[in-house]
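Colleague: Contents of coords-v9.cif (mmCIF, C-alpha atoms):
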```
data_structure
loop_
_atom_site.group_PDB
_atom_site.id
_atom_site.type_symbol
_atom_site.label_atom_id
_atom_site.label_comp_id
_atom_site.auth_asym_id
_atom_site.auth_seq_id
_atom_site.Cartn_x
_atom_site.Cartn_y
_atom_site.Cartn_z
ATOM 1 C CA MET A 132 0.000 0.000 0.000
ATOM 2 C CA LEU A 133 1.320 3.441 -0.898
ATOM 3 C CA LYS A 134 1.808 5.845 1.931
ATOM 4 C CA ARG A 135 0.507 9.386 1.617
ATOM 5 C CA HIS A 136 3.876 10.972 0.866
ATOM 6 C CA HIS A 137 4.527 8.445 -1.912
ATOM 7 C CA SER A 138 1.189 9.221 -3.525
ATOM 8 C CA ASP A 139 1.922 12.952 -3.190
ATOM 9 C CA VAL A 140 5.179 12.495 -5.105
ATOM 10 C CA TYR A 141 3.541 10.425 -7.854
ATOM 11 C CA ALA A 142 0.566 12.773 -8.162
ATOM 12 C CA SER A 143 2.785 15.849 -8.310
ATOM 13 C CA LEU A 144 4.950 14.328 -11.035
ATOM 14 C CA ALA A 145 1.853 13.459 -13.064
ATOM 15 C CA LEU A 146 0.493 16.984 -12.606
ATOM 16 C CA GLN A 147 3.815 18.492 -13.658
ATOM 17 C CA CYS A 148 3.748 16.443 -16.861
ATOM 18 C CA LEU A 149 0.158 17.551 -17.472
ATOM 19 C CA ALA A 150 1.127 21.188 -16.910
ATOM 20 C CA VAL A 151 4.014 20.975 -19.372
ATOM 21 C CA LEU A 152 1.758 19.360 -21.995
ATOM 22 C CA MET A 153 -0.897 21.983 -21.373
ATOM 23 C CA PHE A 154 1.633 24.798 -21.730
ATOM 24 C CA VAL A 155 3.019 23.386 -24.988
ATOM 25 C CA ALA A 156 -0.501 22.896 -26.348
ATOM 26 C CA SER A 157 -1.408 26.477 -25.464
ATOM 27 C CA LEU A 158 1.616 27.738 -27.401
ATOM 28 C CA ARG A 159 0.186 26.079 -30.515
ATOM 29 C CA MET A 160 -3.194 27.799 -30.164
ATOM 30 C CA GLU A 161 -4.186 30.354 -32.745
ATOM 31 C CA THR A 162 -4.618 33.669 -31.015
ATOM 32 C CA LEU A 163 -6.953 36.528 -31.596
ATOM 33 C CA THR A 164 -5.708 39.467 -29.571
ATOM 34 C CA ILE A 165 -8.637 41.030 -27.758
ATOM 35 C CA LEU A 166 -7.126 43.795 -25.728
ATOM 36 C CA SER A 167 -4.493 46.318 -26.653
ATOM 37 C CA ILE A 168 -2.155 44.856 -24.030
ATOM 38 C CA GLY A 169 -1.845 41.658 -26.065
ATOM 39 C CA VAL A 170 -3.878 39.252 -23.933
ATOM 40 C CA GLY A 171 -5.131 36.587 -26.302
ATOM 41 C CA SER A 172 -6.896 33.265 -26.149
ATOM 42 C CA ARG A 173 -3.741 31.432 -25.102
ATOM 43 C CA PHE A 174 -3.186 33.589 -22.006
ATOM 44 C CA LEU A 175 -5.525 31.751 -19.610
ATOM 45 C CA PRO A 176 -4.379 28.204 -20.533
ATOM 46 C CA MET A 177 -0.753 29.301 -20.131
ATOM 47 C CA LEU A 178 -1.543 30.899 -16.776
ATOM 48 C CA MET A 179 -3.367 27.788 -15.602
ATOM 49 C CA ALA A 180 -0.508 25.532 -16.744
ATOM 50 C CA ALA A 181 1.979 27.672 -14.833
ATOM 51 C CA GLY A 182 -0.241 27.584 -11.735
ATOM 52 C CA ILE A 183 -0.653 23.799 -11.912
ATOM 53 C CA PHE A 184 3.105 23.396 -12.337
ATOM 54 C CA LEU A 185 3.847 25.664 -9.380
ATOM 55 C CA LEU A 186 1.346 23.974 -7.059
ATOM 56 C CA SER A 187 2.461 20.496 -8.084
ATOM 57 C CA THR A 188 6.072 21.492 -7.407
ATOM 58 C CA LEU A 189 5.055 22.540 -3.900
ATOM 59 C CA LEU A 190 3.278 19.199 -3.476
ATOM 60 C CA LEU A 191 6.392 17.381 -4.699
ATOM 61 C CA LEU A 192 8.614 19.212 -2.239
ATOM 62 C CA SER A 193 6.175 18.484 0.578
ATOM 63 C CA GLY A 194 6.048 14.798 -0.346
ATOM 64 C CA LEU A 195 9.831 14.547 -0.569
ATOM 65 C CA LYS A 196 10.194 16.311 2.776
ATOM 66 C CA LYS A 197 7.816 13.820 4.405
ATOM 67 C CA GLN A 198 9.651 10.970 2.739
ATOM 68 C CA THR A 199 13.049 11.994 4.099
ATOM 69 C CA ALA A 200 11.769 12.909 7.568
ATOM 70 C CA PRO A 201 13.272 10.559 10.144
ATOM 71 C CA THR A 202 10.873 8.201 11.847
ATOM 72 C CA SER A 203 11.377 7.522 15.515
ATOM 73 C CA GLU A 204 11.676 3.825 16.256
ATOM 74 C CA THR A 205 11.743 4.405 20.006
ATOM 75 C CA ALA A 206 8.265 5.738 20.579
ATOM 76 C CA SER A 207 7.180 5.847 24.156
ATOM 77 C CA THR A 208 3.816 4.643 25.374
ATOM 78 C CA VAL A 209 2.711 8.244 25.866
ATOM 79 C CA ASP A 210 3.127 9.077 22.166
ATOM 80 C CA VAL A 211 0.069 9.085 19.952
ATOM 81 C CA PRO A 212 0.105 6.053 17.683
ATOM 82 C CA ASN A 213 0.628 6.632 13.964
ATOM 83 C CA VAL A 214 -2.729 5.889 12.376
ATOM 84 C CA ASP A 215 -1.313 5.847 8.825
ATOM 85 C CA ALA A 216 1.233 3.161 9.722
ATOM 86 C CA GLU A 217 -1.301 0.869 11.405
ATOM 87 C CA GLN A 218 -3.966 0.812 8.707
ATOM 88 C CA PRO A 219 -4.644 2.633 5.472
ATOM 89 C CA GLN A 220 -7.396 5.172 5.675
ATOM 90 C CA GLN A 221 -10.391 4.269 3.596
ATOM 91 C CA LYS A 222 -12.908 6.681 2.211
ATOM 92 C CA SER A 223 -16.233 6.646 3.919
ATOM 93 C CA GLY A 224 -19.411 6.068 1.952
ATOM 94 C CA ASN A 225 -20.288 9.744 2.376
ATOM 95 C CA GLU A 226 -17.076 10.897 0.657
ATOM 96 C CA THR A 227 -17.642 8.523 -2.261
ATOM 97 C CA THR A 228 -21.212 9.768 -2.584
ATOM 98 C CA THR A 229 -19.986 13.361 -2.562
ATOM 99 C CA VAL A 230 -17.475 12.666 -5.335
ATOM 100 C CA LEU A 231 -20.121 10.926 -7.430
ATOM 101 C CA ALA A 232 -22.660 13.701 -6.814
ATOM 102 C CA THR A 233 -20.076 16.352 -7.749
ATOM 103 C CA SER A 234 -19.275 14.530 -10.990
ATOM 104 C CA LEU A 235 -22.961 14.277 -11.884
ATOM 105 C CA LEU A 236 -23.459 17.913 -10.945
ATOM 106 C CA LEU A 237 -20.635 18.979 -13.277
ATOM 107 C CA ILE A 238 -22.150 16.969 -16.127
ATOM 108 C CA GLY A 239 -25.529 18.555 -15.399
ATOM 109 C CA TYR A 240 -23.921 22.008 -15.412
ATOM 110 C CA VAL A 241 -22.351 21.428 -18.834
ATOM 111 C CA VAL A 242 -25.673 20.172 -20.222
ATOM 112 C CA ALA A 243 -27.677 23.030 -18.665
ATOM 113 C CA LEU A 244 -25.258 25.791 -19.665
ATOM 114 C CA PRO A 245 -26.549 26.333 -23.244
ATOM 115 C CA VAL A 246 -30.181 26.046 -22.136
ATOM 116 C CA LEU A 247 -30.203 28.134 -18.948
ATOM 117 C CA GLY A 248 -27.331 30.447 -19.809
ATOM 118 C CA PHE A 249 -24.140 31.185 -17.927
ATOM 119 C CA ILE A 250 -25.547 33.292 -15.102
ATOM 120 C CA LEU A 251 -28.453 31.040 -14.118
ATOM 121 C CA ALA A 252 -26.610 27.733 -14.632
ATOM 122 C CA SER A 253 -23.548 28.947 -12.717
ATOM 123 C CA THR A 254 -25.659 30.306 -9.868
ATOM 124 C CA LEU A 255 -27.510 27.016 -9.512
ATOM 125 C CA TYR A 256 -24.316 24.988 -9.817
ATOM 126 C CA MET A 257 -22.461 26.993 -7.155
ATOM 127 C CA ALA A 258 -25.419 26.928 -4.762
ATOM 128 C CA VAL A 259 -26.009 23.182 -5.092
ATOM 129 C CA GLN A 260 -22.270 22.433 -4.896
ATOM 130 C CA SER A 261 -21.998 24.555 -1.741
ATOM 131 C CA MET A 262 -24.922 22.720 -0.205
ATOM 132 C CA LEU A 263 -23.353 19.402 -1.168
ATOM 133 C CA MET A 264 -19.957 20.217 0.333
ATOM 134 C CA THR A 265 -21.276 21.331 3.713
ATOM 135 C CA ASN A 266 -23.120 19.463 6.419
ATOM 136 C CA ARG A 267 -25.530 22.323 6.996
ATOM 137 C CA HIS A 268 -28.610 21.907 4.821
ATOM 138 C CA LYS A 269 -30.684 24.654 6.354
ATOM 139 C CA LYS A 270 -32.864 27.308 4.777
ATOM 140 C CA ARG A 271 -30.774 30.013 6.391
ATOM 141 C CA PHE A 272 -27.673 28.654 4.679
ATOM 142 C CA LEU A 273 -29.482 28.735 1.336
ATOM 143 C CA VAL A 274 -30.421 32.374 1.922
ATOM 144 C CA VAL A 275 -26.712 33.195 2.211
ATOM 145 C CA VAL A 276 -25.435 30.922 -0.575
ATOM 146 C CA LEU A 277 -27.853 31.943 -3.328
ATOM 147 C CA PRO A 278 -27.042 35.678 -3.307
ATOM 148 C CA ILE A 279 -23.306 34.985 -3.130
ATOM 149 C CA SER A 280 -23.553 32.492 -6.015
ATOM 150 C CA PHE A 281 -25.543 34.983 -8.060
ATOM 151 C CA ALA A 282 -23.071 37.785 -7.357
ATOM 152 C CA VAL A 283 -20.084 35.611 -8.316
ATOM 153 C CA SER A 284 -21.843 34.518 -11.521
ATOM 154 C CA LEU A 285 -22.571 38.128 -12.444
ATOM 155 C CA LEU A 286 -18.997 39.155 -11.698
ATOM 156 C CA LEU A 287 -17.573 36.337 -13.827
ATOM 157 C CA TYR A 288 -19.984 37.153 -16.646
ATOM 158 C CA TYR A 289 -18.967 40.802 -16.521
ATOM 159 C CA VAL A 290 -15.237 39.995 -16.496
ATOM 160 C CA PHE A 291 -15.462 37.630 -19.447
ATOM 161 C CA ARG A 292 -17.979 39.705 -21.437
ATOM 162 C CA VAL A 293 -16.511 43.166 -20.893
ATOM 163 C CA GLY A 294 -12.909 42.477 -19.872
ATOM 164 C CA PHE A 295 -12.072 39.688 -22.329
ATOM 165 C CA ASN A 296 -14.857 40.473 -24.832
ATOM 166 C CA LEU A 297 -15.932 36.808 -24.929
ATOM 167 C CA MET A 298 -19.472 35.657 -25.482
ATOM 168 C CA LEU A 299 -20.967 33.372 -22.857
ATOM 169 C CA PRO A 300 -24.223 31.434 -23.255
ATOM 170 C CA ILE A 301 -27.225 33.644 -22.554
ATOM 171 C CA GLY A 302 -29.863 30.879 -22.499
ATOM 172 C CA LEU A 303 -33.379 31.683 -21.353
ATOM 173 C CA PHE A 304 -32.697 35.387 -20.886
ATOM 174 C CA GLY A 305 -31.395 35.875 -24.447
#
```
Will you turn the file into structure tokens for me?

Modeller:
Amino acid sequence: MLKRHHSDVYASLALQCLAVLMFVASLRMETLTILSIGVGSRFLPMLMAAGIFLLSTLLLLSGLKKQTAPTSETASTVDVPNVDAEQPQQKSGNETTTVLATSLLLIGYVVALPVLGFILASTLYMAVQSMLMTNRHKKRFLVVVLPISFAVSLLLYYVFRVGFNLMLPIGLFG
């Protein structure tokens, strides 16, 4: 069984490879310069590739640091036992359900995006995802989440429509 720091190293190396491939692919994109400062369609993929590479490098360093950390063989009876060494942690049924529900929610968002439009689909997606990721399923929580989701959707729409001059699906409000 792989320990956590081993899986961190392997995952970070895979993410670094993905970031390099993503960066190279973005260099081959045809660009249409939108703004006078030269920000084109390849800017965001290049920025994301650089961010993924940076974060995966931090994960790699963290995994290597954990791997080289000395383990104490002479643990006293007062020390807290190492849970990872005794048995591998398994995901609970709730975590698996959350992952499955998130995947289905993303698929539903992609399907609903052309029909409902960016603002409405994104608002609903963010609100339902927030409800899914928390343990509090109360009406009061929904009263807070819906306005925040709507505001974030409007802000993103404004940034992409006005800032980058990109069209987003309008949907029902077209």

Colleague: Any chance you could work out the residue set of the PyMOL selection byres ((chain A and resi 258) around 8) here, as number ranges by chain?

Modeller: A: 254-257, 259-262, 273, 276-277, 280

Colleague: For atom CA of A:Leu247 and atom CA of A:Leu299, quote the distance in Å rounded to one decimal.

Modeller: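 Atom-to-atom, atom CA of A:Leu247 and atom CA of A:Leu299 are spaced 11.3 Å apart.
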
Colleague: Report, in Å with one decimal, the straight-line distance from atom CA of A:Tyr141 to atom CA of A:Leu185.

Modeller: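 Atom CA of A:Leu185 lies 15.3 Å from atom CA of A:Tyr141.
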
Colleague: Evaluated on this file, the PyMOL selection byres ((chain A and resi 236) around 12) picks out some residues - which ones are they, written as a list in words?

Modeller: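 In the shown coordinates, the PyMOL selection byres ((chain A and resi 236) around 12) covers Thr228, Thr229, Val230, Leu231, Ala232, Thr233, Ser234, Leu235, Leu237, Ile238, Gly239, Tyr240, Val241, Val242, Ala243, Leu244, Ala252, Ser253, Leu255, Tyr256, Met257, Ala258, Val259, Gln260, Ser261, Met262 and Leu263 of chain A.
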
Colleague: Report as a PyMOL selection string the full result of the PyMOL selection byres ((chain A and resi 192) around 12) when it is applied to this structure.

Modeller: chain A and resi 136-137+139-144+185-191+193-199

Colleague: Could you turn the residues from that selection into a file that holds C-alpha atoms, as an mmCIF file, keeping the file's coordinate frame?

Modeller:
```cif
data_model
loop_
_atom_site.group_PDB
_atom_site.id
_atom_site.type_symbol
_atom_site.label_atom_id
_atom_site.label_comp_id
_atom_site.auth_asym_id
_atom_site.auth_seq_id
_atom_site.Cartn_x
_atom_site.Cartn_y
_atom_site.Cartn_z
ATOM 1 C CA HIS A 136 3.876 10.972 0.866
ATOM 2 C CA HIS A 137 4.527 8.445 -1.912
ATOM 3 C CA ASP A 139 1.922 12.952 -3.190
ATOM 4 C CA VAL A 140 5.179 12.495 -5.105
ATOM 5 C CA TYR A 141 3.541 10.425 -7.854
ATOM 6 C CA ALA A 142 0.566 12.773 -8.162
ATOM 7 C CA SER A 143 2.785 15.849 -8.310
ATOM 8 C CA LEU A 144 4.950 14.328 -11.035
ATOM 9 C CA LEU A 185 3.847 25.664 -9.380
ATOM 10 C CA LEU A 186 1.346 23.974 -7.059
ATOM 11 C CA SER A 187 2.461 20.496 -8.084
ATOM 12 C CA THR A 188 6.072 21.492 -7.407
ATOM 13 C CA LEU A 189 5.055 22.540 -3.900
ATOM 14 C CA LEU A 190 3.278 19.199 -3.476
ATOM 15 C CA LEU A 191 6.392 17.381 -4.699
ATOM 16 C CA SER A 193 6.175 18.484 0.578
ATOM 17 C CA GLY A 194 6.048 14.798 -0.346
ATOM 18 C CA LEU A 195 9.831 14.547 -0.569
ATOM 19 C CA LYS A 196 10.194 16.311 2.776
ATOM 20 C CA LYS A 197 7.816 13.820 4.405
ATOM 21 C CA GLN A 198 9.651 10.970 2.739
ATOM 22 C CA THR A 199 13.049 11.994 4.099
#
```

Colleague: Ranking A:Ser284, A:Ser157, A:Thr227, A:Gln147 by minimum distance to A:Ile183 and counting all atoms listed in the file, which one comes first?

Modeller: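 With all atoms listed in the file as the atom set, the closest residue is A:Gln147.
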